[in-house]
file coords23.pdb (PDB, C-alpha atoms and all ligand atoms)
ATOM      1  CA  MET Q   1       0.000   0.000   0.000  1.00  0.00           C
ATOM      2  CA  THR Q   2       1.385   3.405  -0.939  1.00  0.00           C
ATOM      3  CA  SER Q   3       0.203   6.905  -0.281  1.00  0.00           C
ATOM      4  CA  ASN Q   4       1.158  10.412  -1.341  1.00  0.00           C
ATOM      5  CA  SER Q   5       2.519  11.141   2.101  1.00  0.00           C
ATOM      6  CA  THR Q   6       5.252   8.542   1.766  1.00  0.00           C
ATOM      7  CA  GLU Q   7       8.604   9.718   0.501  1.00  0.00           C
ATOM      8  CA  THR Q   8      11.498   7.514  -0.609  1.00  0.00           C
ATOM      9  CA  ARG Q   9      15.162   8.442  -0.822  1.00  0.00           C
ATOM     10  CA  GLN Q  10      18.178   6.419  -1.886  1.00  0.00           C
ATOM     11  CA  ILE Q  11      21.383   6.316   0.135  1.00  0.00           C
ATOM     12  CA  ASP Q  12      24.546   7.676  -1.480  1.00  0.00           C
ATOM     13  CA  GLY Q  13      26.498   4.628  -0.432  1.00  0.00           C
ATOM     14  CA  TYR Q  14      27.818   2.879   2.601  1.00  0.00           C
ATOM     15  CA  VAL Q  15      29.902   4.690   5.164  1.00  0.00           C
ATOM     16  CA  ARG Q  16      31.481   1.340   5.883  1.00  0.00           C
ATOM     17  CA  LYS Q  17      30.765  -2.328   5.479  1.00  0.00           C
ATOM     18  CA  TRP Q  18      32.290  -5.075   7.566  1.00  0.00           C
ATOM     19  CA  SER Q  19      31.805  -8.580   8.763  1.00  0.00           C
ATOM     20  CA  GLU Q  20      31.126  -9.570  12.332  1.00  0.00           C
ATOM     21  CA  MET Q  21      30.851 -13.184  13.363  1.00  0.00           C
ATOM     22  CA  GLY Q  22      30.111 -14.202   9.788  1.00  0.00           C
ATOM     23  CA  LYS Q  23      27.382 -11.619   9.332  1.00  0.00           C
ATOM     24  CA  THR Q  24      27.758  -8.574   7.148  1.00  0.00           C
ATOM     25  CA  ARG Q  25      26.966  -5.241   8.746  1.00  0.00           C
ATOM     26  CA  ILE Q  26      26.745  -1.855   7.100  1.00  0.00           C
ATOM     27  CA  GLU Q  27      26.790   1.704   8.314  1.00  0.00           C
ATOM     28  CA  VAL Q  28      24.910   4.259   6.266  1.00  0.00           C
ATOM     29  CA  VAL Q  29      23.829   7.866   6.600  1.00  0.00           C
ATOM     30  CA  CYS Q  30      20.083   8.313   6.765  1.00  0.00           C
ATOM     31  CA  PRO Q  31      19.050  10.562   3.832  1.00  0.00           C
ATOM     32  CA  PHE Q  32      16.332  12.107   5.975  1.00  0.00           C
ATOM     33  CA  CYS Q  33      17.920  12.968   9.316  1.00  0.00           C
ATOM     34  CA  LYS Q  34      21.619  12.504   8.375  1.00  0.00           C
ATOM     35  CA  GLY Q  35      22.046  10.235  11.352  1.00  0.00           C
ATOM     36  CA  HIS Q  36      24.233   7.153  11.154  1.00  0.00           C
ATOM     37  CA  LEU Q  37      22.483   3.839  11.065  1.00  0.00           C
ATOM     38  CA  ILE Q  38      24.064   0.424  11.528  1.00  0.00           C
ATOM     39  CA  ALA Q  39      22.249  -2.642  10.292  1.00  0.00           C
ATOM     40  CA  TYR Q  40      22.742  -6.286   9.453  1.00  0.00           C
ATOM     41  CA  VAL Q  41      22.415  -6.910   5.722  1.00  0.00           C
ATOM     42  CA  TRP Q  42      20.388 -10.076   6.285  1.00  0.00           C
ATOM     43  CA  SER Q  43      17.836  -8.225   8.381  1.00  0.00           C
ATOM     44  CA  LEU Q  44      17.503  -5.485   5.743  1.00  0.00           C
ATOM     45  CA  ASN Q  45      16.485  -8.079   3.210  1.00  0.00           C
ATOM     46  CA  GLY Q  46      13.873  -9.325   5.636  1.00  0.00           C
ATOM     47  CA  SER Q  47      12.103  -6.809   7.794  1.00  0.00           C
ATOM     48  CA  GLY Q  48      14.308  -3.804   7.055  1.00  0.00           C
ATOM     49  CA  LYS Q  49      15.853  -1.412   9.533  1.00  0.00           C
ATOM     50  CA  LYS Q  50      14.181   1.575  11.084  1.00  0.00           C
ATOM     51  CA  CYS Q  51      16.040   4.787  11.790  1.00  0.00           C
ATOM     52  CA  SER Q  52      15.351   6.797  14.928  1.00  0.00           C
ATOM     53  CA  CYS Q  53      13.674   9.443  12.740  1.00  0.00           C
ATOM     54  CA  GLY Q  54      11.101   6.911  11.546  1.00  0.00           C
ATOM     55  CA  ALA Q  55      12.495   6.230   8.069  1.00  0.00           C
ATOM     56  CA  LYS Q  56      12.857   2.597   7.130  1.00  0.00           C
ATOM     57  CA  MET Q  57      15.652   1.142   5.020  1.00  0.00           C
ATOM     58  CA  ASP Q  58      15.213  -1.940   2.862  1.00  0.00           C
ATOM     59  CA  GLY Q  59      17.721  -4.301   1.278  1.00  0.00           C
ATOM     60  CA  SER Q  60      18.278  -2.134  -1.796  1.00  0.00           C
ATOM     61  CA  GLY Q  61      19.357   0.883   0.251  1.00  0.00           C
ATOM     62  CA  THR Q  62      16.100   2.744  -0.161  1.00  0.00           C
ATOM     63  CA  PHE Q  63      14.729   4.704   2.762  1.00  0.00           C
ATOM     64  CA  THR Q  64      10.991   5.147   3.029  1.00  0.00           C
ATOM     65  CA  LYS Q  65       9.432   7.619   5.392  1.00  0.00           C
ATOM     66  CA  ASP Q  66       5.881   8.466   6.223  1.00  0.00           C
ATOM     67  CA  MET Q  67       5.976  12.260   6.045  1.00  0.00           C
ATOM     68  CA  THR Q  68       2.797  12.655   8.049  1.00  0.00           C
ATOM     69  CA  LYS Q  69       4.589  11.469  11.177  1.00  0.00           C
TER
HETATM   70 ZN    ZN K 101      16.867   8.986   9.949  1.00  0.00          ZN
END
call {"tool": "encode", "arguments": {"input": "coords23.pdb", "output": "structure tokens"}}
result
Amino acid sequence: MTSNSTETRQIDGYVRKWSEMGKTRIEVVCPFCKGHLIAYVWSLNGSGKKCSCGAKMDGSGTFTKDMTK
């Protein structure tokens, strides 16, 4: 379900990407609040990762934010 109040933005790229205990983690800059967000790649491909500002990142590096919140 999509609505006009939802905005999507793409990340510029990873700040860093590393492996921890066999799992790949990435650090990115949120395109909405410019805060740093660290996530497991496997969890992005599943449920995604939510930033403290409310934007949600998916496995392709796209942030989606409900602008009404
Ligand atoms: Zn954010």
call {"tool": "resolve_selection", "arguments": {"input": "coords23.pdb", "expression": "the PyMOL selection byres (((not hetatm)) within 6 of (chain K and resi 101))", "output": "PyMOL selection string"}}
result
chain Q and resi 30+32-33+35+51-53+55
call {"tool": "atom_distance", "arguments": {"input": "coords23.pdb", "atom1": "CA of Thr64 in chain Q", "atom2": "CA of Gly22 in chain Q"}}
result
28.0 Å
call {"tool": "resolve_selection", "arguments": {"input": "coords23.pdb", "expression": "the PyMOL selection byres (((chain Q and resi 2-16) around 9) and not hetatm)", "output": "ChimeraX atom specification"}}
result
/Q:1,17-18,25-32,36,55,60-68
call {"tool": "resolve_selection", "arguments": {"input": "coords23.pdb", "expression": "the PyMOL selection byres (((chain Q and resi 49) around 10) and not hetatm)", "output": "PyMOL selection string"}}
result
chain Q and resi 37-41+43-48+50-52+54-59+63
call {"tool": "decode", "arguments": {"input": "coords23.pdb", "residues": "chain Q", "atoms": "C-alpha atoms", "output": "PDB file, in the first residue's frame"}}
result
ATOM      1  CA  MET Q   1       0.000   0.000   0.000  1.00  0.00           C
ATOM      2  CA  THR Q   2       1.385   3.405  -0.939  1.00  0.00           C
ATOM      3  CA  SER Q   3       0.203   6.905  -0.281  1.00  0.00           C
ATOM      4  CA  ASN Q   4       1.158  10.412  -1.341  1.00  0.00           C
ATOM      5  CA  SER Q   5       2.519  11.141   2.101  1.00  0.00           C
ATOM      6  CA  THR Q   6       5.252   8.542   1.766  1.00  0.00           C
ATOM      7  CA  GLU Q   7       8.604   9.718   0.501  1.00  0.00           C
ATOM      8  CA  THR Q   8      11.498   7.514  -0.609  1.00  0.00           C
ATOM      9  CA  ARG Q   9      15.162   8.442  -0.822  1.00  0.00           C
ATOM     10  CA  GLN Q  10      18.178   6.419  -1.886  1.00  0.00           C
ATOM     11  CA  ILE Q  11      21.383   6.316   0.135  1.00  0.00           C
ATOM     12  CA  ASP Q  12      24.546   7.676  -1.480  1.00  0.00           C
ATOM     13  CA  GLY Q  13      26.498   4.628  -0.432  1.00  0.00           C
ATOM     14  CA  TYR Q  14      27.818   2.879   2.601  1.00  0.00           C
ATOM     15  CA  VAL Q  15      29.902   4.690   5.164  1.00  0.00           C
ATOM     16  CA  ARG Q  16      31.481   1.340   5.883  1.00  0.00           C
ATOM     17  CA  LYS Q  17      30.765  -2.328   5.479  1.00  0.00           C
ATOM     18  CA  TRP Q  18      32.290  -5.075   7.566  1.00  0.00           C
ATOM     19  CA  SER Q  19      31.805  -8.580   8.763  1.00  0.00           C
ATOM     20  CA  GLU Q  20      31.126  -9.570  12.332  1.00  0.00           C
ATOM     21  CA  MET Q  21      30.851 -13.184  13.363  1.00  0.00           C
ATOM     22  CA  GLY Q  22      30.111 -14.202   9.788  1.00  0.00           C
ATOM     23  CA  LYS Q  23      27.382 -11.619   9.332  1.00  0.00           C
ATOM     24  CA  THR Q  24      27.758  -8.574   7.148  1.00  0.00           C
ATOM     25  CA  ARG Q  25      26.966  -5.241   8.746  1.00  0.00           C
ATOM     26  CA  ILE Q  26      26.745  -1.855   7.100  1.00  0.00           C
ATOM     27  CA  GLU Q  27      26.790   1.704   8.314  1.00  0.00           C
ATOM     28  CA  VAL Q  28      24.910   4.259   6.266  1.00  0.00           C
ATOM     29  CA  VAL Q  29      23.829   7.866   6.600  1.00  0.00           C
ATOM     30  CA  CYS Q  30      20.083   8.313   6.765  1.00  0.00           C
ATOM     31  CA  PRO Q  31      19.050  10.562   3.832  1.00  0.00           C
ATOM     32  CA  PHE Q  32      16.332  12.107   5.975  1.00  0.00           C
ATOM     33  CA  CYS Q  33      17.920  12.968   9.316  1.00  0.00           C
ATOM     34  CA  LYS Q  34      21.619  12.504   8.375  1.00  0.00           C
ATOM     35  CA  GLY Q  35      22.046  10.235  11.352  1.00  0.00           C
ATOM     36  CA  HIS Q  36      24.233   7.153  11.154  1.00  0.00           C
ATOM     37  CA  LEU Q  37      22.483   3.839  11.065  1.00  0.00           C
ATOM     38  CA  ILE Q  38      24.064   0.424  11.528  1.00  0.00           C
ATOM     39  CA  ALA Q  39      22.249  -2.642  10.292  1.00  0.00           C
ATOM     40  CA  TYR Q  40      22.742  -6.286   9.453  1.00  0.00           C
ATOM     41  CA  VAL Q  41      22.415  -6.910   5.722  1.00  0.00           C
ATOM     42  CA  TRP Q  42      20.388 -10.076   6.285  1.00  0.00           C
ATOM     43  CA  SER Q  43      17.836  -8.225   8.381  1.00  0.00           C
ATOM     44  CA  LEU Q  44      17.503  -5.485   5.743  1.00  0.00           C
ATOM     45  CA  ASN Q  45      16.485  -8.079   3.210  1.00  0.00           C
ATOM     46  CA  GLY Q  46      13.873  -9.325   5.636  1.00  0.00           C
ATOM     47  CA  SER Q  47      12.103  -6.809   7.794  1.00  0.00           C
ATOM     48  CA  GLY Q  48      14.308  -3.804   7.055  1.00  0.00           C
ATOM     49  CA  LYS Q  49      15.853  -1.412   9.533  1.00  0.00           C
ATOM     50  CA  LYS Q  50      14.181   1.575  11.084  1.00  0.00           C
ATOM     51  CA  CYS Q  51      16.040   4.787  11.790  1.00  0.00           C
ATOM     52  CA  SER Q  52      15.351   6.797  14.928  1.00  0.00           C
ATOM     53  CA  CYS Q  53      13.674   9.443  12.740  1.00  0.00           C
ATOM     54  CA  GLY Q  54      11.101   6.911  11.546  1.00  0.00           C
ATOM     55  CA  ALA Q  55      12.495   6.230   8.069  1.00  0.00           C
ATOM     56  CA  LYS Q  56      12.857   2.597   7.130  1.00  0.00           C
ATOM     57  CA  MET Q  57      15.652   1.142   5.020  1.00  0.00           C
ATOM     58  CA  ASP Q  58      15.213  -1.940   2.862  1.00  0.00           C
ATOM     59  CA  GLY Q  59      17.721  -4.301   1.278  1.00  0.00           C
ATOM     60  CA  SER Q  60      18.278  -2.134  -1.796  1.00  0.00           C
ATOM     61  CA  GLY Q  61      19.357   0.883   0.251  1.00  0.00           C
ATOM     62  CA  THR Q  62      16.100   2.744  -0.161  1.00  0.00           C
ATOM     63  CA  PHE Q  63      14.729   4.704   2.762  1.00  0.00           C
ATOM     64  CA  THR Q  64      10.991   5.147   3.029  1.00  0.00           C
ATOM     65  CA  LYS Q  65       9.432   7.619   5.392  1.00  0.00           C
ATOM     66  CA  ASP Q  66       5.881   8.466   6.223  1.00  0.00           C
ATOM     67  CA  MET Q  67       5.976  12.260   6.045  1.00  0.00           C
ATOM     68  CA  THR Q  68       2.797  12.655   8.049  1.00  0.00           C
ATOM     69  CA  LYS Q  69       4.589  11.469  11.177  1.00  0.00           C
TER      70      LYS Q  69
END
